[in-house]
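Chemist: So here's data26.txt, just compact mmCIF, C-alpha atoms and all ligand atoms:
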```
# COMPACT_ATOMS: atom_id res chain seq x y z
CA MET L 670 -11.21 17.94 2.30
CA ASN L 671 -11.20 16.85 -1.33
CA ASP L 672 -7.41 17.04 -1.42
CA VAL L 673 -7.25 14.80 1.65
CA LEU L 674 -9.67 12.27 0.15
CA ARG L 675 -7.63 12.27 -3.05
CA ALA L 676 -4.37 11.75 -1.15
CA ILE L 677 -5.88 8.88 0.84
CA LEU L 678 -7.21 7.08 -2.24
CA ILE L 679 -3.87 7.39 -4.03
CA ARG L 680 -1.90 6.23 -0.95
CA ALA L 681 -4.22 3.35 -0.11
CA ASP L 682 -3.84 2.09 -3.67
CA LEU L 683 -0.10 1.54 -3.12
CA PRO L 684 1.13 -1.72 -1.61
CA ASP L 685 2.03 -1.52 2.12
CA ALA L 686 1.00 2.13 2.42
CA GLN L 687 -2.33 2.10 4.14
CA LEU L 688 -1.22 3.62 7.46
CA PHE L 689 -1.44 7.34 8.17
CA ALA L 690 0.80 8.69 10.94
CA ALA L 691 -0.09 11.42 13.43
CA HIS L 692 2.29 13.95 11.86
CA GLU L 693 0.55 13.51 8.47
CA VAL L 694 -2.93 13.67 9.93
CA ALA L 695 -1.94 16.86 11.78
CA ARG L 696 -1.52 18.64 8.42
CA TRP L 697 -5.08 17.88 7.31
CA PRO L 698 -7.76 20.56 7.59
CA GLU L 699 -9.76 20.65 10.78
CA GLY L 700 -12.51 18.07 10.91
CA ALA L 701 -11.01 15.91 8.14
CA LEU L 702 -9.91 13.08 10.42
CA GLU L 703 -13.28 13.08 12.22
CA TRP L 704 -15.12 12.95 8.92
CA LEU L 705 -12.96 10.08 7.63
CA THR L 706 -13.26 8.01 10.79
CA GLU L 707 -17.00 8.64 11.04
CA ALA L 708 -17.42 7.57 7.41
CA GLY L 709 -15.43 4.42 8.27
CA ILE L 710 -12.78 5.14 5.64
CA LEU L 711 -10.08 5.36 8.32
CA SER L 712 -9.94 3.72 11.72
CA GLU L 713 -7.41 4.04 14.49
CA ALA L 714 -4.71 1.36 14.38
CA GLU L 715 -2.19 0.11 16.91
CA PRO L 716 0.14 3.01 17.80
CA ALA L 717 3.46 3.13 16.00
CA GLU L 718 6.58 2.05 17.89
CA GLU L 719 8.53 4.91 16.41
CA THR L 720 7.82 8.57 15.86
CA LEU L 721 9.75 11.58 14.60
CA CYS L 722 12.20 13.59 16.69
CA ASP L 723 11.54 17.29 17.15
CA GLU L 724 14.97 18.23 18.36
CA CYS L 725 17.02 17.96 15.19
CA GLU L 726 16.51 19.22 11.66
CA GLU L 727 16.65 15.73 10.23
CA GLY L 728 13.62 14.68 12.27
CA CYS L 729 15.26 11.38 13.05
CA SER L 730 13.17 8.33 13.82
CA ILE L 731 12.98 7.62 17.54
CA LYS L 732 11.54 4.90 19.73
CA PRO L 733 10.56 6.58 23.00
CA ALA L 734 10.87 4.85 26.34
CA ILE L 735 7.48 4.90 28.05
CA ARG L 736 7.01 5.27 31.79
CA GLU L 737 4.40 6.56 34.19
CA ASP L 738 4.95 9.93 35.77
CA PRO L 739 4.75 9.12 39.54
CA GLN L 740 3.06 12.43 40.30
CA THR L 741 0.52 12.87 37.52
CA ARG L 742 0.13 9.11 36.81
CA GLN L 743 0.24 10.06 33.13
CA ARG L 744 2.18 7.93 30.67
CA VAL L 745 5.08 9.89 29.25
CA GLY L 746 7.62 9.07 26.57
CA THR L 747 11.25 10.11 26.64
CA TYR L 748 14.00 9.69 24.12
CA PHE L 749 17.49 10.69 23.07
CA CYS L 750 17.99 12.22 19.63
CA HIS L 751 20.21 10.08 17.38
CA ARG L 752 21.98 13.17 16.04
CA ASN L 753 22.81 14.75 19.41
CA GLU L 754 23.18 11.91 21.82
CA ASP L 755 24.95 14.03 24.43
CA ILE L 756 21.85 16.10 25.20
CA GLY L 757 18.48 14.96 26.41
CA PRO L 758 16.45 13.06 27.30
CA PHE L 759 13.56 14.80 25.56
CA LYS L 760 9.91 14.35 26.28
CA VAL L 761 7.56 13.29 23.52
CA ASP L 762 3.79 13.56 23.34
CA LEU L 763 2.65 9.94 23.05
CA SER L 764 -0.35 10.93 20.95
CA ARG L 765 2.18 11.40 18.19
CA LYS L 766 2.47 7.62 17.97
CA ARG L 767 -1.19 7.34 17.04
CA ARG L 768 -1.95 6.27 13.50
CA TRP L 769 -4.90 5.39 11.32
CA THR L 770 -5.44 2.65 8.83
CA PHE L 771 -7.43 2.67 5.61
CA SER L 772 -10.44 0.36 5.42
CA LEU L 773 -11.60 -0.84 2.01
CA VAL L 774 -14.88 -2.12 3.43
CA GLY L 775 -15.38 1.21 5.20
CA LEU L 776 -14.85 3.07 1.95
CA ALA L 777 -17.18 0.62 0.15
CA LYS L 778 -19.92 1.38 2.67
CA ALA L 779 -19.39 5.12 2.21
CA VAL L 780 -19.59 4.73 -1.58
CA SER L 781 -22.63 2.53 -1.17
CA LYS L 782 -24.33 5.24 0.87
CA ALA L 783 -23.61 7.71 -1.92
CA VAL L 784 -24.79 5.61 -4.89
CA LYS L 785 -27.38 3.40 -3.17
CA PRO L 786 -27.05 0.07 -4.95
CA THR L 787 -29.42 -2.79 -4.20
CA GLY L 788 -27.85 -5.64 -2.25
CA LYS L 789 -25.41 -5.74 0.62
CA VAL L 790 -21.76 -4.73 0.63
CA ALA L 791 -19.76 -7.99 0.55
CA GLU L 792 -15.98 -8.30 0.87
CA LEU L 793 -14.95 -10.90 -1.71
CA VAL L 794 -11.17 -10.79 -1.35
CA SER L 795 -9.81 -9.48 1.96
CA LYS L 796 -8.69 -5.85 1.62
CA ARG L 797 -8.75 -6.09 -2.19
CA LEU L 798 -12.23 -6.54 -3.64
CA VAL L 799 -15.71 -5.63 -2.46
CA LEU L 800 -19.05 -6.12 -4.20
CA LEU L 801 -21.24 -3.10 -3.54
CA GLY L 802 -24.41 -4.38 -5.18
CA ILE L 803 -26.41 -3.71 -8.31
CA ILE L 804 -26.90 -0.24 -9.70
CA LYS L 805 -28.73 1.07 -12.71
CA LEU L 806 -26.17 2.70 -15.00
CA ASP L 807 -27.15 4.38 -18.22
CA GLY L 808 -30.39 2.42 -18.05
CA LYS L 809 -28.75 -0.98 -17.54
CA ASN L 810 -28.33 -3.11 -14.41
CA ARG L 811 -24.65 -3.42 -13.49
CA GLU L 812 -22.86 -5.15 -10.66
CA LEU L 813 -20.62 -2.59 -8.97
CA PHE L 814 -17.26 -3.63 -7.48
CA LEU L 815 -14.58 -1.67 -5.61
CA ALA L 816 -11.02 -2.90 -6.12
CA ARG L 817 -7.80 -1.99 -4.32
CA GLY L 818 -4.44 -2.68 -5.93
CA ALA L 819 -5.77 -3.16 -9.46
CA ALA L 820 -2.34 -2.18 -10.79
CA TRP L 821 -0.31 -4.39 -8.43
CA GLN L 822 1.69 -7.29 -9.78
CA ASP L 823 -0.64 -9.87 -8.29
CA ALA L 824 -3.80 -8.24 -9.70
CA ALA L 825 -4.49 -10.75 -12.48
CA GLN L 826 -4.17 -13.59 -9.98
CA VAL L 827 -6.17 -11.98 -7.17
CA PHE L 828 -9.05 -10.72 -9.29
CA GLY L 829 -8.85 -13.47 -11.94
CA ASN L 830 -9.49 -16.09 -9.26
CA CYS L 831 -12.53 -14.37 -7.82
CA VAL L 832 -15.47 -16.56 -8.78
CA ARG L 833 -18.03 -13.88 -8.00
CA LEU L 834 -16.32 -11.31 -10.24
CA LYS L 835 -16.03 -13.83 -13.08
CA MET L 836 -19.71 -14.70 -12.74
CA ALA L 837 -20.82 -11.05 -12.91
CA SER L 838 -22.75 -10.51 -16.11
CA HIS L 839 -22.25 -6.75 -16.55
CA PRO L 840 -19.64 -5.68 -13.98
CA ALA L 841 -18.46 -2.13 -13.41
CA VAL L 842 -15.28 -1.86 -11.36
CA LEU L 843 -14.18 1.18 -9.37
CA THR L 844 -10.48 1.17 -8.54
CA LEU L 845 -9.13 3.48 -5.84
CA ALA L 846 -6.73 5.49 -7.99
CA ALA L 847 -4.78 3.48 -10.57
CA MET L 848 -6.00 1.74 -13.70
CA PRO L 849 -5.10 -1.94 -14.13
CA LYS L 850 -1.90 -2.54 -16.10
CA ALA L 851 -3.31 -5.76 -17.55
CA PRO L 852 -6.89 -7.09 -17.84
CA LEU L 853 -8.25 -8.01 -14.40
CA LEU L 854 -9.98 -11.00 -15.97
CA ALA L 855 -8.09 -12.80 -18.74
CA GLY L 856 -9.74 -12.46 -22.11
CA CYS L 857 -12.49 -10.19 -20.83
CA GLU L 858 -12.77 -6.44 -21.05
CA LEU L 859 -14.17 -4.82 -17.92
CA ALA L 860 -15.57 -1.34 -17.46
CA VAL L 861 -13.13 0.26 -15.00
CA ARG L 862 -12.93 3.78 -13.56
CA PRO L 863 -10.75 5.14 -10.73
CA LEU L 864 -12.85 6.44 -7.84
CA VAL L 865 -10.35 9.26 -7.29
CA GLU L 866 -11.46 10.83 -10.57
CA ILE L 867 -15.16 10.96 -9.76
CA ALA L 868 -15.57 11.12 -5.98
CA SER L 869 -15.70 14.33 -3.99
CA VAL L 870 -16.90 15.55 -0.64
CA HIS L 871 -19.75 17.99 -0.79
CA LYS L 872 -21.31 19.50 2.33
CA GLY L 873 -19.83 16.73 4.44
CA LYS L 874 -21.07 13.94 2.17
CA LEU L 875 -19.22 11.69 -0.22
CA THR L 876 -20.74 12.18 -3.67
CA MET L 877 -20.14 10.89 -7.18
CA THR L 878 -21.98 10.45 -10.44
CA LEU L 879 -21.70 6.99 -11.93
CA ASP L 880 -23.90 7.58 -14.99
CA GLY L 881 -21.51 8.05 -17.88
CA ALA L 882 -18.51 7.44 -15.62
CA PHE L 883 -17.53 4.06 -17.07
CA PRO L 884 -16.14 3.52 -20.55
CA GLU L 885 -18.34 1.56 -22.93
CA VAL L 886 -17.03 -1.96 -23.29
CA GLU L 887 -17.97 -4.30 -26.06
CA PRO L 888 -20.10 -7.04 -24.44
CA GLY L 889 -18.56 -10.45 -25.11
CA PRO L 890 -20.42 -12.92 -27.35
CA TRP L 891 -21.88 -14.63 -24.26
CA ALA L 892 -22.93 -11.53 -22.30
CA ASP L 893 -26.53 -12.69 -22.05
CA ILE L 894 -25.65 -16.18 -20.79
CA PRO L 895 -24.95 -16.40 -17.04
CA ASN L 896 -21.28 -17.31 -16.50
CA GLU L 897 -22.07 -19.98 -13.94
CA PRO L 898 -19.75 -22.76 -12.85
CA ILE L 899 -20.88 -25.88 -14.70
CA THR L 900 -19.74 -29.50 -15.08
CA LEU L 901 -18.91 -30.91 -18.52
CA ASP L 902 -22.01 -33.12 -18.41
CA GLN L 903 -24.28 -30.23 -17.45
CA PHE L 904 -22.73 -28.13 -20.18
CA MET L 905 -23.38 -30.70 -22.89
CA VAL L 906 -26.99 -31.13 -21.76
CA LYS L 907 -27.59 -27.40 -21.81
CA PHE L 908 -25.63 -26.19 -24.81
CA CYS L 909 -25.11 -29.15 -27.18
CA GLU L 910 -27.21 -30.94 -29.73
CA GLU L 911 -27.01 -34.43 -28.33
CA HIS L 912 -28.08 -35.18 -24.81
CA LYS L 913 -28.05 -38.95 -24.32
CA GLY L 914 -26.49 -39.80 -20.98
CA THR L 915 -24.17 -42.60 -22.11
CA TYR L 916 -23.03 -40.57 -25.09
CA ILE L 917 -22.29 -37.54 -22.95
CA ALA L 918 -20.38 -39.62 -20.39
CA ALA L 919 -18.19 -41.08 -23.16
CA ARG L 920 -17.52 -37.60 -24.62
CA ARG L 921 -16.65 -36.27 -21.19
CA ARG L 922 -14.17 -39.12 -20.61
CA GLY L 923 -12.61 -38.49 -24.03
CA LEU L 924 -12.25 -34.80 -23.29
CA LEU L 925 -10.67 -35.37 -19.88
CA ALA L 926 -8.26 -37.95 -21.36
CA ALA L 927 -7.21 -35.48 -24.06
CA ASP L 928 -6.62 -32.87 -21.36
CA ARG L 929 -4.49 -35.34 -19.38
CA ASN L 930 -2.47 -36.25 -22.50
CA GLU L 931 -2.11 -32.55 -23.15
CA THR L 932 -3.45 -32.90 -26.68
CA LEU L 933 -5.86 -30.13 -25.74
CA LYS L 934 -6.31 -27.82 -22.80
CA LEU L 935 -9.51 -27.58 -20.82
CA PRO L 936 -10.14 -24.18 -19.22
CA GLN L 937 -9.08 -23.67 -15.61
CA HIS L 938 -11.59 -25.32 -13.31
CA VAL L 939 -13.46 -23.40 -10.65
CA GLU L 940 -11.96 -23.53 -7.16
CA PRO L 941 -12.60 -24.88 -4.60
CA TRP L 942 -12.83 -28.38 -5.96
CA THR L 943 -13.36 -31.47 -3.78
CA SER L 944 -11.75 -34.73 -4.82
CA GLY L 945 -14.37 -37.18 -6.07
CA GLN L 946 -16.66 -34.46 -7.40
CA ALA L 947 -16.95 -33.51 -11.04
CA LYS L 948 -14.83 -30.45 -11.82
CA ARG L 949 -16.74 -27.34 -12.73
CA TYR L 950 -15.73 -24.76 -15.32
CA PHE L 951 -17.00 -21.30 -16.12
CA THR L 952 -19.72 -21.47 -18.77
CA HIS L 953 -18.12 -18.70 -20.85
CA ASP L 954 -14.71 -20.41 -20.84
CA LEU L 955 -16.27 -23.62 -22.16
CA LEU L 956 -18.29 -21.73 -24.78
CA ASP L 957 -15.05 -20.03 -25.91
CA ALA L 958 -13.16 -23.30 -26.22
CA TRP L 959 -15.91 -25.66 -27.38
CA GLU L 960 -15.66 -25.15 -31.12
CA SER L 961 -11.98 -26.13 -31.05
CA TYR L 962 -13.01 -29.38 -29.33
CA VAL L 963 -15.76 -29.89 -31.94
CA ASP L 964 -13.21 -29.36 -34.72
CA ARG L 965 -11.31 -32.34 -33.35
CA SER L 966 -14.46 -34.48 -33.20
CA LEU L 967 -14.19 -34.87 -29.45
CA VAL L 968 -17.54 -33.42 -28.47
CA PRO L 969 -21.01 -32.83 -29.90
CA PRO L 970 -21.55 -29.47 -31.62
CA LEU L 971 -23.14 -26.54 -29.86
CA LEU L 972 -26.79 -25.80 -30.47
CA ALA L 973 -27.07 -23.42 -33.45
CA GLN L 974 -27.86 -20.34 -31.36
CA TYR L 975 -24.58 -20.67 -29.43
CA ARG L 976 -22.31 -20.98 -32.47
CA THR L 977 -20.19 -17.95 -33.24
CA LYS L 978 -18.83 -19.35 -36.50
CA VAL L 979 -21.08 -19.23 -39.53
CA LEU L 980 -21.34 -22.77 -40.86
ZN ZN O 1 16.76 13.88 16.25
```
Step by step, read the file and then write its structure as structure tokens.
Modeler:
Amino acid sequence: MNDVLRAILIRADLPDAQLFAAHEVARWPEGALEWLTEAGILSEAEPAEETLCDECEEGCSIKPAIREDPQTRQRVGTYFCHRNEDIGPFKVDLSRKRRWTFSLVGLAKAVSKAVKPTGKVAELVSKRLVLLGIIKLDGKNRELFLARGAAWQDAAQVFGNCVRLKMASHPAVLTLAAMPKAPLLAGCELAVRPLVEIASVHKGKLTMTLDGAFPEVEPGPWADIPNEPITLDQFMVKFCEEHKGTYIAARRRGLLAADRNETLKLPQHVEPWTSGQAKRYFTHDLLDAWESYVDRSLVPPLLAQYRTKVL
């Protein structure tokens, strides 16, 4: 069973490889498919159009013709082998077209059952990222995520644009099998561990130990400040020395003009953004960039406790 779970996690972490055909499933130990479908990790998908031929050594790919047997009223499939077209037709068991698809949310629920986080399982990016909830890890509260395709080419874009992941204060990310090839969030080190290395099936239950499973990551300088989306005005009120409304409005206009003239670059704003509303940025991104704006006399300085540079 553990070999099957391992194979599924590795396969499902490849692009376009989340379907398991009847001939593969047939090689699994007895009860494996039932366990996986009951756990919600696999579910039956639309049957395949093609299956494999039994009549030649090559096992050619065939698309059976389906008709109803007039006597038994059973649906039967018949086909001709591509290698020996002069003989046949052959009958094929239509159950061989059955196939099963991997479900990330199903797996997330199974993991959630095993590690019991607080909060509900929430799919953040379809088939790619799920928030499992908050768990206590090594004595600290961590937000636990499950990611599929962390090593795919689009990973930085898919995960980097997830507001909820960016806002997480102490995230721990389980990937299915592969480690990310580049940081999932630009400029931020995340604690990541492949599930395939720590999960196993024991007495019919998915089990894993998360304590000690994640590498220690250096918390960023702002780890204790919530990384909330914030407008420039709100940011200045909260983090800067001068708060007067007219002053802040003028500084904001100056900053936006400099961004338009490309004399400086504001961080990427938080999507979605509605025209007419003030753009919002991630608090940590602004904290990172602010001192460079201060150096150019565009904005008021940060309150002393938020300065990283020793003055
Ligand atoms: Zn054949």
Chemist: For CA of His751 in chain L and CA of Arg696 in chain L, determine how far apart the two atoms are, in Å to one decimal place.
Modeler: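 Answer for the CA of His751 in chain L to CA of Arg696 in chain L separation: 25.0 Å.
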Chemist: Around ligand ZN 1 (chain O), out to 7 Å and counting only C-alpha atoms and all ligand atoms, which residues are there? I want them as a list in words.
Modeler: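 My answer, listing the contacting residues, is Cys722, Asp723, Glu724, Cys725, Glu727, Gly728, Cys729, Cys750, His751, Arg752 and Asn753 of chain L.
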Chemist: Measure the distance from CA of Asn671 in chain L to CA of Ala791 in chain L in Å and round it to one decimal.
Modeler: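 Here the two named atoms are 26.3 Å from each other.
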Chemist: Just the residues within 12 Å of Ala927 in chain L, please, counting only C-alpha atoms, with nothing from its chain fewer than 4 positions along; format it as an mmCIF file with C-alpha atoms, in the frame of the given file.
Modeler:
```cif
data_model
loop_
_atom_site.group_PDB
_atom_site.id
_atom_site.type_symbol
_atom_site.label_atom_id
_atom_site.label_comp_id
_atom_site.auth_asym_id
_atom_site.auth_seq_id
_atom_site.Cartn_x
_atom_site.Cartn_y
_atom_site.Cartn_z
ATOM 1 C CA ARG L 920 -17.520 -37.600 -24.620
ATOM 2 C CA ARG L 921 -16.650 -36.270 -21.190
ATOM 3 C CA ARG L 922 -14.170 -39.120 -20.610
ATOM 4 C CA GLY L 923 -12.610 -38.490 -24.030
ATOM 5 C CA GLU L 931 -2.110 -32.550 -23.150
ATOM 6 C CA THR L 932 -3.450 -32.900 -26.680
ATOM 7 C CA LEU L 933 -5.860 -30.130 -25.740
ATOM 8 C CA LYS L 934 -6.310 -27.820 -22.800
ATOM 9 C CA LEU L 935 -9.510 -27.580 -20.820
ATOM 10 C CA TYR L 962 -13.010 -29.380 -29.330
ATOM 11 C CA ARG L 965 -11.310 -32.340 -33.350
ATOM 12 C CA SER L 966 -14.460 -34.480 -33.200
ATOM 13 C CA LEU L 967 -14.190 -34.870 -29.450
ATOM 14 C CA VAL L 968 -17.540 -33.420 -28.470
#
```
Chemist: Please determine, counting all atoms listed in the file, which residue among L:Thr943, L:Thr915, L:Ser795, L:Thr844 has the shortest atom-to-atom distance to Gly818 in chain L.
Modeler: L:Thr844
Chemist: Could the residues of range 813-932 of chain L that have an atom at most 12 Å from range 678-685 of chain L be listed as CSV, each with its closest atom pair and the distance in Å to one decimal, counting only C-alpha atoms and ordered by chain and ascending residue number?
Modeler:
```
residue,atom,partner,partner_atom,distance
L:Leu815,CA,L:Asp682,CA,11.5
L:Ala816,CA,L:Asp682,CA,9.1
L:Arg817,CA,L:Asp682,CA,5.7
L:Gly818,CA,L:Asp682,CA,5.3
L:Ala819,CA,L:Asp682,CA,8.1
L:Ala820,CA,L:Asp682,CA,8.4
L:Trp821,CA,L:Pro684,CA,7.5
L:Gln822,CA,L:Pro684,CA,9.9
L:Asp823,CA,L:Pro684,CA,10.7
L:Ala824,CA,L:Pro684,CA,11.5
L:Leu843,CA,L:Leu678,CA,11.6
L:Thr844,CA,L:Asp682,CA,8.3
L:Leu845,CA,L:Leu678,CA,5.4
L:Ala846,CA,L:Ile679,CA,5.2
L:Ala847,CA,L:Asp682,CA,7.1
L:Met848,CA,L:Asp682,CA,10.3
L:Pro849,CA,L:Asp682,CA,11.3
L:Pro863,CA,L:Leu678,CA,9.4
L:Leu864,CA,L:Leu678,CA,8.0
L:Val865,CA,L:Leu678,CA,6.3
L:Glu866,CA,L:Leu678,CA,10.1
L:Ile867,CA,L:Leu678,CA,11.6
L:Ala868,CA,L:Leu678,CA,10.0
L:Ser869,CA,L:Leu678,CA,11.3
```
Chemist: Pick the closest to Arg976 in chain L from L:Leu702, L:Leu798, L:Leu956, L:Ala926: which is it, counting all atoms listed in the file?
Modeler: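 Smallest separation from Arg976 in chain L among the options: L:Leu956.
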